[in-house]
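Undergrad: Once you've had a glance at the structure underneath, I'll fire off some questions.
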Amino acid sequence: MLARGTLLGLALAAAFALAAPLGAEEIVVIVHPERAATLGADQLAQIYLKQRRYWGDGERIVAVNLESASAVRAAFARAVLGQSPAQLSVYWNRQYFLGVLPPATLASDEAVKQFVAREKRAIGYIRASALDDSVRVAFRLQERSPPPTRD
Amino acid sequence: MCELTPATSAHPSIGPATFSALRRSLAGIGLALLFGGAVFAQEPPAEETGRDSIAVEPATPPTPETQPADDAAERVYSLGPLEYRTARGVRFGESGLTIGGFTTFEIEDTDGEPASIALDGLNFLALYEPVESLRFFAELEIGELLSWEAGSSGVESSPRANFERLYVEYSASDALNFRAGKFLTPFGHWNLVPAEPFVWTATQPAILEIGLDEHQTGVAIFGSFYPPKRVINYWVYGQVIDAFDVESDEIPAERTVGGRIEYGEARGAWSFGGSVLGSELGGAWTTTAGIDAKWRATDRLELSSELLVSSGDIPGRDLWGAFIEANYPLDRLSPKLAKLYLVGRVEHFDFATERATQIFDFGLTWLPAPWLNLKAGYRAPTHSTPEVRAGLNVSISVLF
């Protein structure tokens, strides 16, 4: 019988592989350098599902997405939000009925980085290779070897 | 493979439901809410002050589009300050106003009724957010637009307009939000989003259609708390004025007081909820209580269930029922069945003046694009009643 950790590892590996042909590229979640945010995966998901709307200091969170066709976005959504694109589409349709629209979009890693660097309330995600000192990393989606399988 | 790793140590900072009974329950919920803020502290990613608005700097750094994408099939059309996104409405520049909506075309062929085809509703959604913490929301339905019945001489049209929802909302924090106006009764999870394009079946559970006032006209306080790995949502509400813009076939309660609490996994993979509602009509009171649950597995089966019990002095409101509903994506069986879902619901409905009925709804739902929803289902009750008829129901919904 496969161990639970093995199953989780395989699931995450499959999700990442299916979601985006990113190779070994790491995705980082970035915030304004002055924001001392410590984020968990659940917090991140809630922010990007528009269920959590405020930073701890009471400021409104301004989350930005990459464009819908972005492989980085697909990988991010699959890994962080825990829902398939089809499930997300249903989710956002229901939110639309409630008057809630998804996070705004920017066209590229550079655009996201520039926006987060100047907007203190912002949060975004980019490829690690696009990272510089203008923003602070609040979360990493790291590449790691899958754990060994066993019967 | 990809693993989620917080960049720093990352964990939510947390410390740890007869009318009199209803009132006690609500008082308990109220107290819990009052003190909840202290118990369930918000996870504070940061403590700081910031700017109140997004500065749009004309030259370089890009400003995010205020209407976003959520699906690869999305299309964007711009005309001057107007920007339309498929299934997300049209945004009027930077005014904070977005207008969209949906419409549903229905075909019904049920026992004891002539087959019919109808363009049953054109619903407009309007959202206006002049400032971040304040928003105005309206859903205007133009109903009975066009209909044709088998054996009739022609197409009938008797359009009528009514506000399905009309409210203003003030948001103080994730934990504390205020709403005033006409809104959907926050009871169970179905009634939160009951409209045709957003549900999985072409029919709605009988227990909710018959046993629950769909709307409230009054005030509500609601919000969320975030224990580690979990989320707690709450609603406390009441109808404090006469129901607004009531449809001709409705006899809504005159005054109500209710509450709901929901506990779930942080990303919505599962949840459990409990709801109570006290309703007064002509001096008589009825208490309605319910529990509900949802479970979702990525790319796989989704299950939802609700149980509702209603008892009291208002005529016709002694009833109870429960249902469990499932949907399953068929592309797991074959890629050719992409975006096609097998859906089913089994319901027990016990109406005081009728025999108890078991209702079986089965069908297919096809979601070829985010803006299009096609459903075909067959309802098979153990015996038909005026409210619950066996037969075929088909709907085609378009979001715009």
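So you can find residues: chains in the structure tokens are A, B, ... in the order shown, residues in each start at 1, and ligands are numbered from 1 in order.
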Just asking: which residues within stretch 7-151 of chain A are helix (DSSP H, G or I) according to DSSP, as a PyMOL selection string?
TA: chain A and resi 7-19+41-48+71-81+85-97+109-118+128-130
Undergrad: Any idea what's packed within 10 Å of stretch 99-105 of chain A, counting only C-alpha atoms, ignoring anything in its chain fewer than 2 positions away? Could you give it as a PDB file with C-alpha atoms, in the first residue's frame?
TA:
```pdb
ATOM      1  CA  ILE A  47      -6.585  35.717  -0.723  1.00  0.00           C
ATOM      2  CA  TYR A  48      -6.685  34.507  -4.313  1.00  0.00           C
ATOM      3  CA  LEU A  49     -10.227  33.163  -3.883  1.00  0.00           C
ATOM      4  CA  LYS A  50     -11.262  36.593  -2.565  1.00  0.00           C
ATOM      5  CA  GLN A  51     -12.338  35.079   0.727  1.00  0.00           C
ATOM      6  CA  VAL A  62      -4.838  43.958  -3.716  1.00  0.00           C
ATOM      7  CA  ALA A  63      -4.084  40.608  -5.338  1.00  0.00           C
ATOM      8  CA  VAL A  64      -2.908  40.404  -8.894  1.00  0.00           C
ATOM      9  CA  ASN A  65      -2.935  37.441 -11.232  1.00  0.00           C
ATOM     10  CA  LEU A  66      -0.994  36.691 -14.333  1.00  0.00           C
ATOM     11  CA  GLU A  67      -3.044  36.404 -17.503  1.00  0.00           C
ATOM     12  CA  SER A  68      -5.366  33.450 -17.851  1.00  0.00           C
ATOM     13  CA  TYR A  91     -16.329  28.962  -8.426  1.00  0.00           C
ATOM     14  CA  TRP A  92     -15.883  32.358 -10.100  1.00  0.00           C
ATOM     15  CA  ASN A  93     -19.260  32.110 -11.823  1.00  0.00           C
ATOM     16  CA  ARG A  94     -20.861  31.675  -8.412  1.00  0.00           C
ATOM     17  CA  GLN A  95     -18.863  34.581  -7.073  1.00  0.00           C
ATOM     18  CA  TYR A  96     -19.961  36.671 -10.069  1.00  0.00           C
ATOM     19  CA  PHE A  97     -23.578  36.035  -8.966  1.00  0.00           C
ATOM     20  CA  ALA A 107       0.502  40.631 -18.437  1.00  0.00           C
ATOM     21  CA  SER A 108       3.900  39.482 -17.237  1.00  0.00           C
ATOM     22  CA  ALA A 111       4.459  43.891 -14.712  1.00  0.00           C
ATOM     23  CA  VAL A 112       3.457  42.053 -11.522  1.00  0.00           C
ATOM     24  CA  GLY A 124       1.440  38.761  -6.698  1.00  0.00           C
TER      25      GLY A 124
ATOM     26  CA  THR B  63      -1.764  48.997 -13.457  1.00  0.00           C
ATOM     27  CA  PRO B  64      -3.725  45.790 -13.170  1.00  0.00           C
ATOM     28  CA  GLU B  65      -6.890  45.509 -15.113  1.00  0.00           C
ATOM     29  CA  THR B  66      -9.692  45.966 -12.649  1.00  0.00           C
ATOM     30  CA  GLN B  67     -11.744  43.234 -14.217  1.00  0.00           C
ATOM     31  CA  PRO B  68      -9.908  40.005 -14.157  1.00  0.00           C
ATOM     32  CA  ALA B  69      -9.543  36.765 -15.934  1.00  0.00           C
ATOM     33  CA  ASP B  70     -10.300  33.371 -14.493  1.00  0.00           C
ATOM     34  CA  ARG B  88     -18.008  39.026 -16.059  1.00  0.00           C
ATOM     35  CA  GLY B  89     -20.006  41.999 -17.308  1.00  0.00           C
ATOM     36  CA  THR B  98     -19.923  46.911 -13.327  1.00  0.00           C
ATOM     37  CA  ILE B  99     -23.063  45.627 -15.022  1.00  0.00           C
ATOM     38  CA  GLY B 100     -23.551  42.065 -16.199  1.00  0.00           C
ATOM     39  CA  LEU B 125     -26.448  42.279 -12.025  1.00  0.00           C
ATOM     40  CA  ALA B 126     -25.133  45.709 -11.058  1.00  0.00           C
ATOM     41  CA  LEU B 127     -22.232  46.283  -8.724  1.00  0.00           C
ATOM     42  CA  TYR B 128     -21.118  49.751  -7.686  1.00  0.00           C
ATOM     43  CA  ARG B 135     -20.621  48.589  -2.252  1.00  0.00           C
ATOM     44  CA  PHE B 136     -24.078  48.672  -3.719  1.00  0.00           C
ATOM     45  CA  PHE B 137     -25.477  45.578  -5.379  1.00  0.00           C
ATOM     46  CA  ALA B 138     -28.634  44.950  -7.375  1.00  0.00           C
ATOM     47  CA  GLU B 139     -30.122  42.041  -9.275  1.00  0.00           C
TER      48      GLU B 139
END
```
Undergrad: Grab the atom CA of B:Asp318 to atom CA of B:His383 distance for me, in Å with one decimal place.
TA: 19.5 Å
Undergrad: Write out as a list in words which residues come within 9 Å of B:Pro329 when counting only C-alpha atoms, dropping same-chain ones fewer than 5 positions away.
TA: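 After dropping sequence-adjacent residues, the list is Asp299, Arg300, Leu301, Leu337, Ala338, Lys339, Leu340, Tyr341, Leu342 and Val343 of chain B.
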Undergrad: Which residues of stretch 38-114 of chain A sit at most 10 Å from stretch 158-175 of chain B, using only C-alpha atoms? Give each one's shortest atom pair and distance in Å (one decimal place), in chain and ascending residue order, as a tab-separated table.
TA:
```
residue	atom	partner	partner_atom	distance
A:Gln51	CA	B:Asp174	CA	8.2
A:Arg52	CA	B:Asp174	CA	6.3
A:Arg53	CA	B:Asp174	CA	6.2
A:Tyr54	CA	B:Asp174	CA	6.3
A:Trp55	CA	B:Ser173	CA	9.2
A:Gly56	CA	B:Ser173	CA	9.6
A:Gly58	CA	B:Ser173	CA	6.8
A:Glu59	CA	B:Ser173	CA	9.0
A:Arg60	CA	B:Ser173	CA	8.7
```
Undergrad: Give the answer as one residue: which of B:Glu106, B:Asp111, B:Glu94, B:Glu265 has the shortest atom-to-atom distance to B:Glu196, using only C-alpha atoms?
TA: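 The shortest atom-to-atom distance to B:Glu196 comes from B:Glu106.
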Undergrad: Within 12 Å of B:Ser310, counting only C-alpha atoms, which residues qualify if same-chain residues fewer than 2 places away don't, as a PyMOL selection string?
TA: chain B and resi 18-19+207-208+210-213+275-279+285-290+307-308+312-322+349-352
Undergrad: Between atom CA of A:Ile126 and atom CA of A:Asp109, measure the distance and give it in Å to one decimal.
TA: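 Computing it gives 5.0 Å between the two atoms.
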Undergrad: Near B:Val240, counting only C-alpha atoms, which residues have an atom at most 12 Å away, once you skip same-chain residues fewer than 5 positions from it, shown as a list in words?
TA: Ala180, Gly181, Lys182, Gln216, Thr217, Gly218, Val219, Ala220, Ala253, Glu254, Arg255, Thr256, Val257, Gly258, Ser279 and Glu280 of chain B
Undergrad: I need the residues from that last selection saved to file as a PDB file, in the first residue's frame (with C-alpha atoms), if you can.
TA:
```pdb
ATOM      1  CA  ALA B 180     -29.009  46.378   4.476  1.00  0.00           C
ATOM      2  CA  GLY B 181     -31.694  45.855   1.852  1.00  0.00           C
ATOM      3  CA  LYS B 182     -33.209  42.845   0.082  1.00  0.00           C
ATOM      4  CA  GLN B 216     -35.060  38.764   3.407  1.00  0.00           C
ATOM      5  CA  THR B 217     -35.619  42.474   3.507  1.00  0.00           C
ATOM      6  CA  GLY B 218     -33.685  43.782   6.413  1.00  0.00           C
ATOM      7  CA  VAL B 219     -30.218  43.835   7.835  1.00  0.00           C
ATOM      8  CA  ALA B 220     -27.411  41.333   8.176  1.00  0.00           C
ATOM      9  CA  ALA B 253     -42.928  36.167   6.339  1.00  0.00           C
ATOM     10  CA  GLU B 254     -43.474  39.602   7.774  1.00  0.00           C
ATOM     11  CA  ARG B 255     -40.662  39.545  10.309  1.00  0.00           C
ATOM     12  CA  THR B 256     -37.784  37.154  10.711  1.00  0.00           C
ATOM     13  CA  VAL B 257     -34.645  36.634  12.715  1.00  0.00           C
ATOM     14  CA  GLY B 258     -32.015  34.112  11.740  1.00  0.00           C
ATOM     15  CA  SER B 279     -40.434  33.663  10.865  1.00  0.00           C
ATOM     16  CA  GLU B 280     -43.550  35.588  11.827  1.00  0.00           C
TER      17      GLU B 280
END
```
Undergrad: Of the candidates B:Gly268, B:Gly259, B:Gly282, B:Gly238, which shows the shortest atom-to-atom distance to chain A, using only C-alpha atoms?
TA: B:Gly268
Undergrad: Using only C-alpha atoms, which protein or nucleic acid residues come within 6 Å of stretch 25-37 of chain A? Drop anything in the same chain fewer than 2 positions from it, and give the result as a PDB file with C-alpha atoms, in the first residue's frame.
TA:
```pdb
ATOM      1  CA  LEU A  22       7.695  25.132 -16.283  1.00  0.00           C
ATOM      2  CA  GLY A  23      10.584  22.775 -15.944  1.00  0.00           C
ATOM      3  CA  VAL A 116       3.837  45.032  -6.196  1.00  0.00           C
ATOM      4  CA  ALA A 117       6.977  47.122  -5.729  1.00  0.00           C
ATOM      5  CA  LYS A 120       2.007  48.483  -0.525  1.00  0.00           C
ATOM      6  CA  ILE A 123       0.446  40.644  -3.586  1.00  0.00           C
ATOM      7  CA  GLY A 124       1.440  38.761  -6.698  1.00  0.00           C
ATOM      8  CA  TYR A 125       3.380  35.784  -7.927  1.00  0.00           C
ATOM      9  CA  ILE A 126       6.166  35.508 -10.466  1.00  0.00           C
ATOM     10  CA  ARG A 127       8.881  33.144 -11.620  1.00  0.00           C
ATOM     11  CA  ALA A 128      11.814  33.184  -9.204  1.00  0.00           C
ATOM     12  CA  VAL A 135       9.882  43.154  -3.726  1.00  0.00           C
ATOM     13  CA  ARG A 136       9.892  40.704  -0.827  1.00  0.00           C
ATOM     14  CA  VAL A 137       9.203  36.997  -1.035  1.00  0.00           C
ATOM     15  CA  ALA A 138       6.319  35.926   1.185  1.00  0.00           C
ATOM     16  CA  PHE A 139       5.914  32.371  -0.041  1.00  0.00           C
ATOM     17  CA  ARG A 140       7.653  29.891  -2.303  1.00  0.00           C
ATOM     18  CA  LEU A 141       6.351  27.077  -4.448  1.00  0.00           C
ATOM     19  CA  GLN A 142       9.482  25.012  -4.460  1.00  0.00           C
TER      20      GLN A 142
ATOM     21  CA  PRO B  45       0.481  39.060   7.565  1.00  0.00           C
ATOM     22  CA  ALA B  46       1.602  42.531   8.467  1.00  0.00           C
TER      23      ALA B  46
END
```
Undergrad: Excluding B:Ala266 and residues on its chain fewer than 4 positions from it, collect all residues at most 10 Å away from it, counting only C-alpha atoms, and give them as JSON, numbers by chain.
TA: {"A": [41, 42, 43, 45, 46, 51], "B": [226, 227, 228, 229, 230, 231, 232, 270, 271]}
Undergrad: Using Å and a single decimal, report how far atom CA of B:Phe198 sits from atom CA of B:Phe102.
TA: 10.1 Å
Undergrad: Looking at B:Ser224, B:Tyr84, B:Trp190, B:Val246, which one is nearest to B:Gln204, with distances taken over only C-alpha atoms?
TA: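 Using only C-alpha atoms, the shortest distance to B:Gln204 belongs to B:Trp190.
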Undergrad: Pick out the closest residue to B:Asn233 from this set: B:Ser248, B:Thr298, B:Asn191, B:Asn177. Count only C-alpha atoms.
TA: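 Ranking B:Ser248, B:Thr298, B:Asn191, B:Asn177 by distance to B:Asn233, first place goes to B:Asn177.
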